[in-house]
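The structure file data_10.cif is reproduced below (mmCIF, C-alpha atoms).
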data_protein
#
loop_
_atom_site.group_PDB
_atom_site.id
_atom_site.type_symbol
_atom_site.label_atom_id
_atom_site.label_comp_id
_atom_site.auth_asym_id
_atom_site.auth_seq_id
_atom_site.Cartn_x
_atom_site.Cartn_y
_atom_site.Cartn_z
ATOM 1 C CA MET H 1 9.490 126.871 128.095
ATOM 2 C CA LYS H 2 11.741 127.195 125.054
ATOM 3 C CA LYS H 3 9.062 129.233 123.275
ATOM 4 C CA LEU H 4 8.765 131.589 126.239
ATOM 5 C CA ILE H 5 12.528 132.150 126.312
ATOM 6 C CA LEU H 6 12.524 132.761 122.565
ATOM 7 C CA VAL H 7 9.692 135.288 122.911
ATOM 8 C CA LEU H 8 11.493 137.096 125.724
ATOM 9 C CA ILE H 9 14.734 137.254 123.744
ATOM 10 C CA SER H 10 12.851 138.523 120.692
ATOM 11 C CA CYS H 11 11.103 141.178 122.778
ATOM 12 C CA ALA H 12 14.435 142.308 124.200
ATOM 13 C CA PHE H 13 15.816 142.609 120.656
ATOM 14 C CA ILE H 14 12.824 144.632 119.485
ATOM 15 C CA PHE H 15 12.976 146.886 122.532
ATOM 16 C CA GLN H 16 16.663 147.487 121.892
ATOM 17 C CA LEU H 17 15.985 148.458 118.282
ATOM 18 C CA SER H 18 13.137 150.701 119.319
ATOM 19 C CA GLY H 19 15.370 152.347 121.904
ATOM 20 C CA VAL H 20 18.005 153.165 119.309
ATOM 21 C CA ALA H 21 15.418 154.578 116.923
ATOM 22 C CA TYR H 22 13.716 156.522 119.733
ATOM 23 C CA CYS H 23 16.988 158.066 120.909
ATOM 24 C CA ALA H 24 17.928 159.052 117.399
ATOM 25 C CA ASP H 25 14.504 160.641 116.885
ATOM 26 C CA GLN H 26 14.857 162.673 120.090
ATOM 27 C CA LYS H 27 18.079 164.348 118.994
ATOM 28 C CA THR H 28 17.167 167.598 117.367
ATOM 29 C CA GLU H 29 19.471 169.569 115.144
ATOM 30 C CA LYS H 30 19.697 172.230 117.823
ATOM 31 C CA LYS H 31 20.784 169.763 120.512
ATOM 32 C CA GLY H 32 23.278 168.222 118.126
ATOM 33 C CA SER H 33 24.785 171.550 117.170
ATOM 34 C CA GLU H 34 24.977 172.674 120.820
ATOM 35 C CA PHE H 35 26.775 169.479 121.720
ATOM 36 C CA ALA H 36 29.104 169.771 118.737
ATOM 37 C CA GLN H 37 29.924 173.373 119.641
ATOM 38 C CA LYS H 38 30.714 172.548 123.271
ATOM 39 C CA TRP H 39 32.734 169.513 122.253
ATOM 40 C CA SER H 40 34.656 171.343 119.563
ATOM 41 C CA ASP H 41 35.412 174.329 121.800
ATOM 42 C CA LYS H 42 36.879 172.056 124.476
ATOM 43 C CA LYS H 43 38.849 169.986 121.988
ATOM 44 C CA ILE H 44 40.145 173.008 120.135
ATOM 45 C CA ASP H 45 41.218 174.705 123.355
ATOM 46 C CA LYS H 46 43.109 171.560 124.310
ATOM 47 C CA LEU H 47 44.745 171.360 120.876
ATOM 48 C CA VAL H 48 45.701 175.039 120.967
ATOM 49 C CA LYS H 49 47.425 174.450 124.275
ATOM 50 C CA GLU H 50 49.107 171.142 123.483
ATOM 51 C CA LEU H 51 50.149 171.899 119.898
ATOM 52 C CA LYS H 52 50.618 175.648 120.319
ATOM 53 C CA LEU H 53 48.322 176.393 117.407
ATOM 54 C CA SER H 54 48.233 179.838 115.886
ATOM 55 C CA PRO H 55 44.917 181.747 115.733
ATOM 56 C CA GLU H 56 44.779 180.984 112.001
ATOM 57 C CA GLN H 57 45.248 177.256 112.628
ATOM 58 C CA ARG H 58 42.615 177.352 115.353
ATOM 59 C CA GLU H 59 40.107 178.918 112.962
ATOM 60 C CA LYS H 60 40.819 176.349 110.222
ATOM 61 C CA ILE H 61 40.483 173.441 112.636
ATOM 62 C CA SER H 62 37.290 174.892 114.080
ATOM 63 C CA SER H 63 35.815 175.100 110.583
ATOM 64 C CA LEU H 64 36.923 171.536 109.799
ATOM 65 C CA ILE H 65 35.273 170.204 112.948
ATOM 66 C CA LYS H 66 32.054 172.083 112.169
ATOM 67 C CA ASP H 67 31.917 170.702 108.617
ATOM 68 C CA THR H 68 32.637 167.181 109.813
ATOM 69 C CA SER H 69 30.007 167.339 112.553
ATOM 70 C CA GLU H 70 27.404 168.333 109.957
ATOM 71 C CA ASP H 71 28.350 165.263 107.899
ATOM 72 C CA ILE H 72 28.125 163.062 110.993
ATOM 73 C CA THR H 73 24.690 164.465 111.806
ATOM 74 C CA GLU H 74 23.490 163.666 108.276
ATOM 75 C CA ILE H 75 24.868 160.113 108.407
ATOM 76 C CA THR H 76 23.373 159.564 111.861
ATOM 77 C CA GLN H 77 19.935 160.653 110.628
ATOM 78 C CA LYS H 78 20.127 158.270 107.664
ATOM 79 C CA MET H 79 21.131 155.417 109.966
ATOM 80 C CA SER H 80 18.294 156.311 112.320
ATOM 81 C CA ASP H 81 15.789 156.174 109.480
ATOM 82 C CA LYS H 82 17.114 152.778 108.340
ATOM 83 C CA LEU H 83 17.077 151.383 111.878
ATOM 84 C CA LYS H 84 13.523 152.557 112.376
ATOM 85 C CA ALA H 85 12.426 150.902 109.111
ATOM 86 C CA LEU H 86 14.216 147.682 110.079
ATOM 87 C CA GLN H 87 12.578 147.737 113.499
ATOM 88 C CA GLU H 88 9.117 148.209 111.974
ATOM 89 C CA LYS H 89 9.702 145.397 109.478
ATOM 90 C CA PHE H 90 10.957 143.056 112.193
ATOM 91 C CA GLU H 91 8.116 143.928 114.549
ATOM 92 C CA LYS H 92 5.477 143.299 111.884
ATOM 93 C CA LYS H 93 6.908 139.840 111.164
ATOM 94 C CA PHE H 94 7.389 139.163 114.871
ATOM 95 C CA LYS H 95 3.796 140.037 115.733
ATOM 96 C CA ALA H 96 2.547 137.841 112.879
ATOM 97 C CA VAL H 97 3.958 134.858 114.788
ATOM 98 C CA LEU H 98 2.137 135.781 117.998
ATOM 99 C CA SER H 99 -1.407 134.947 118.933
ATOM 100 C CA GLU H 100 -3.841 137.856 119.332
ATOM 101 C CA GLU H 101 -3.500 137.669 123.124
ATOM 102 C CA GLN H 102 0.301 137.580 122.951
ATOM 103 C CA ALA H 103 0.316 140.547 120.579
ATOM 104 C CA LYS H 104 -1.778 142.530 123.074
ATOM 105 C CA MET H 105 0.613 141.577 125.884
ATOM 106 C CA TYR H 106 3.536 142.618 123.734
ATOM 107 C CA ASP H 107 1.934 145.965 122.856
ATOM 108 C CA LYS H 108 1.207 146.611 126.516
ATOM 109 C CA ALA H 109 4.801 145.841 127.511
ATOM 110 C CA LYS H 110 6.097 148.045 124.692
ATOM 111 C CA GLU H 111 3.935 150.985 125.776
ATOM 112 C CA LYS H 112 5.048 150.536 129.371
ATOM 113 C CA LYS H 113 8.700 150.624 128.315
ATOM 114 C CA LYS H 114 8.089 153.670 126.103
ATOM 115 C CA ALA H 115 6.412 155.522 128.989
ATOM 116 C CA LYS H 116 9.355 154.677 131.254
ATOM 117 C CA LYS H 117 11.824 156.029 128.667
ATOM 118 C CA MET H 118 9.814 159.227 128.311
ATOM 119 C CA LYS H 119 9.832 159.650 132.077
ATOM 120 C CA GLU H 120 13.601 159.062 132.273
ATOM 121 C CA ALA H 121 14.473 161.193 129.221
ATOM 122 C CA PRO H 122 16.451 164.330 130.085
ATOM 123 C CA LYS H 123 14.508 167.556 129.725
ATOM 124 C CA ALA H 124 15.677 169.976 127.025
#
The structure in this file should be written as structure tokens.
Amino acid sequence: MKKLILVLISCAFIFQLSGVAYCADQKTEKKGSEFAQKWSDKKIDKLVKELKLSPEQREKISSLIKDTSEDITEITQKMSDKLKALQEKFEKKFKAVLSEEQAKMYDKAKEKKKAKKMKEAPKA
């Protein structure tokens, strides 16, 4: 019973890691830049109103937000790559502990979860 609980907890951990890596992989540069543009436009409009920014200040802040969002995108991609590598390393070691039958069950469950995520993923 303890082994079963441990396996289930381990599977949940792996699925969580794979979900993070999957989501990061699905974000394209285009989607990221569209989001950043919408976000920055709303935030800048709010700042212009609340702080009574001049057109020059608005332009400088807009540029600052754009530059920062590019840095965030780069950092996010690096983190995604590291998470994916960590997930693969963990999964390899995890599957080495399982019997052949358990590994097949695990792979089947993983594919089922992946298919469900693909089905639920928002369309671009």
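Atom pair CA of Lys42 (chain H) / CA of Ser62 (chain H) has a distance of 10.8 Å (rounded to one decimal).
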### Task
Please indicate the distance in Å from CA of Lys108 (chain H) to CA of Lys82 (chain H), rounded to one decimal place.
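Those two atoms sit 24.9 Å apart.
The two atoms in question, CA of Lys93 (chain H) and CA of Met105 (chain H), are spaced 16.1 Å apart.
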### Task
Tell me which of H:Leu86, H:Ile65, H:Met79, H:Ala103 sits closest to Lys38 (chain H), counting all atoms listed in the file.
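Ranked by minimum distance to Lys38 (chain H), first place goes to H:Ile65.
Each of H:Glu50, H:Glu91, H:Glu74, H:Asp81 was compared to Asp107 (chain H) using all atoms listed in the file, and H:Glu91 turns out to be the nearest.
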